[in-house]
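Peer 1: Below you will find the structure I want to go over with you.
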Amino acid sequence: MKLTRIALGIALGMAANGCAHAVIPTGTTTVKIVAFNDFHGQIESPGTFRLTGASSPATPVGGVDWLAGYIAKYRAENPTTTVVSAGDLIGATPLISALFHDEPTIETMNMTGLEFNAVGNHEFDEGKEELERMQKGGCHPTDPNSCKGAEAGAPVNDEGEFAGADFKFLAANVEETATGKTIFPPYAIKHYGKVRVGFIGMTLKETPTIVTPTGVAGLQFKDEAATVNALIPKLKARGVEAIVVLVHQGGTVPTAQNASTMNSCSGDLEGTPLKPIVHALDDAVDLVISGHTHQAYNCLIANQAGRLIPVTSANSIGRILTDIDLSVDNKTGHVLAVSAQNVLVDRADATVTPDAAIKSVVDGYRALATPIANRVIGSISASLTRDSTGAGESTLGDVIADAQLEATRNPGFGDAAAAFMNPGGIRANLSYASSPAGEGDGKVTYGEAFTVQPFGNSLVTLTLTGAQIHTLLEQQFTGCTEGYPAGAPATGQPFNRILQVSAGFSYEWKEKGTACDNVDPASIKINGVTVDPAASYRVTVNNFMADGGDQLYVLTQGSDRLGGAQDIDALEAYLTAHSPVAPGARDRIGLAP
């Protein structure tokens, strides 16, 4: 039986919506795909996940040993199973992975049976060469904390070193500028008996705007849909009719994230970056597995031909995985139906057996990291959180900016008058309550501080004019592209990114509907004195921002740069010197009347 693309679309839509009555012809192969995204090195359980509303019970979830247990269960039910990730497998990781340059994540994912990982933006946090080491193996060139796998009980290569990934990184839209060649394969083809399935993997084209520029130097990031569509003829020439796209770009749904909503598609991803990508995809694409936005959804979105295709995402950090079945015609190779279901990685599920060998490796790395993680570095008088005022200021943001100013204020260390911190670099709250390590209420461990700032950024102090400081503040807001270089997004920020500022710096803003006109220059003050547009000021930022990260391009114009300590070291020194540290007052950024 030969189905037209219209008939295929009907079958896809019925299956993806959970209809049990889609008629699938005989002579098919059911390919199971187990997908997740934005794992971020959470090899231990990240905690709990709500079952329904905010007051509902929460169940313990995740952990790579449990993720492996679920995958093993699916494989036992269907040997034709492939495990895939839609990016950010590594980067912005907890200390148990980051301390060892994410080698623990790669090693345990090898043991789990991951086969394909589309690169995400965080895969580039330490640059192309380090990402290539993740694939090929070998020790880090300078850090002695690398190649500890043998001590932790992980599989290593013949030399006793980190063996690299058994799975493939895919990077269809990431090319070397000099050669035009992709840094990793653009796609992979897997054979399931008579059936072939093509997996195309890529990251979001805006990756250079959210990664330290040195991490993506010499690389170009192409349009996602155009890249996919250009690969379709190549896949078809190799006999592939079933095509899956793994893309590290996503959408958001206007519903609370919990187990009762994880298979919904509320809002239809309208107004999100992912929907236009799907709309532009060639009709040959049968399924899109997405990520980046840390959302759980299970959608049907129209492609270029108007046919609805399944689009999924599995939240983040190993809390959810997506169980997908592709029914593929053995004769034609076409996908006849797709069923997809987001599943909670429930650590209380009696039908799942966590992988004991993987748990042993995680335990081994925990034993190596614990003395460092549990070291108390200071104390706080109350929780410091990322919760912000209407103006965008948080108590934790205030403290981090103060720490960075203090680290660079003295002569010879920067002579800084102010410090700015990007909100996206603050990854967690500092809780007053004791952690499971038992250090006691109010005490802050190195591990907790590292979770707040896991990127290992260094501080940079540079000179800006008062006018450039004004431009920096305007570049926080959508629509302002003043000073943007050629090739930068023409719309400015995708959303407002309100920088956290140090004590003594203050200003007011109000969105006026006119680009680059939200901040009154007269309100910008340092120690109570209005900033002079023509005068020069020393300011401190992290190296991600200094190189134009988060589209703060005016910072690349800063002169007389001086490198400083790592951001985590500045925070540790501040906590040590000022404990107990009280929450910031959140009175530095105001809303103009």
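Labels used: A, B, ... for chains in the order of the structure tokens, numbers from 1 for residues in each chain, and numbers from 1 for ligands as shown.
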Write out as number ranges by chain which residues come within 12 Å of A:Ser434 when counting only C-alpha atoms, dropping same-chain ones fewer than 2 positions away.

Peer 2: A: 374, 376, 379-380, 382-383, 430-432, 436-445, 448

Peer 1: Give me the residues within 10 Å of stretch 257-272 of chain A as a VMD selection string, counting only C-alpha atoms and dropping any in the same chain fewer than 6 places off.

Peer 2: chain A and resid 17 49 to 54 56 58 to 59 249 to 251 293 to 301 311 to 315 320 322 340 to 344 494

Peer 1: Find the distance between atom CA of A:Val529 and atom CA of A:Asp560 and write it in Å to one decimal.

Peer 2: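 Going from atom CA of A:Val529 over to atom CA of A:Asp560 covers 23.3 Å.
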
Peer 1: Taking only stretch 131-207 of chain A into account, list the residues labelled strand (DSSP E) by DSSP (computed from the backbone), as a list of chain:residue names.

Peer 2: A:Lys168, A:Phe169, A:Leu170, A:Val174, A:Glu175, A:Glu176, A:Tyr187, A:Ala188, A:Ile189, A:Lys190, A:His191, A:Tyr192, A:Val195, A:Arg196, A:Val197, A:Gly198, A:Phe199, A:Ile200, A:Gly201, A:Met202, A:Thr203

Peer 1: Taking 5 positions as the minimum chain separation for residues in the same chain, which residues sit within 9 Å of A:Thr471 when counting only C-alpha atoms? Answer as a ChimeraX atom specification.

Peer 2: /A:466,476,482-483,516,554

Peer 1: From a DSSP calculation on the backbone, collect every residue of stretch 327-500 of chain A in helix (DSSP H, G or I) and output the set as a ChimeraX atom specification.

Peer 2: /A:356-373,395-408,423-425,446-452,466-474
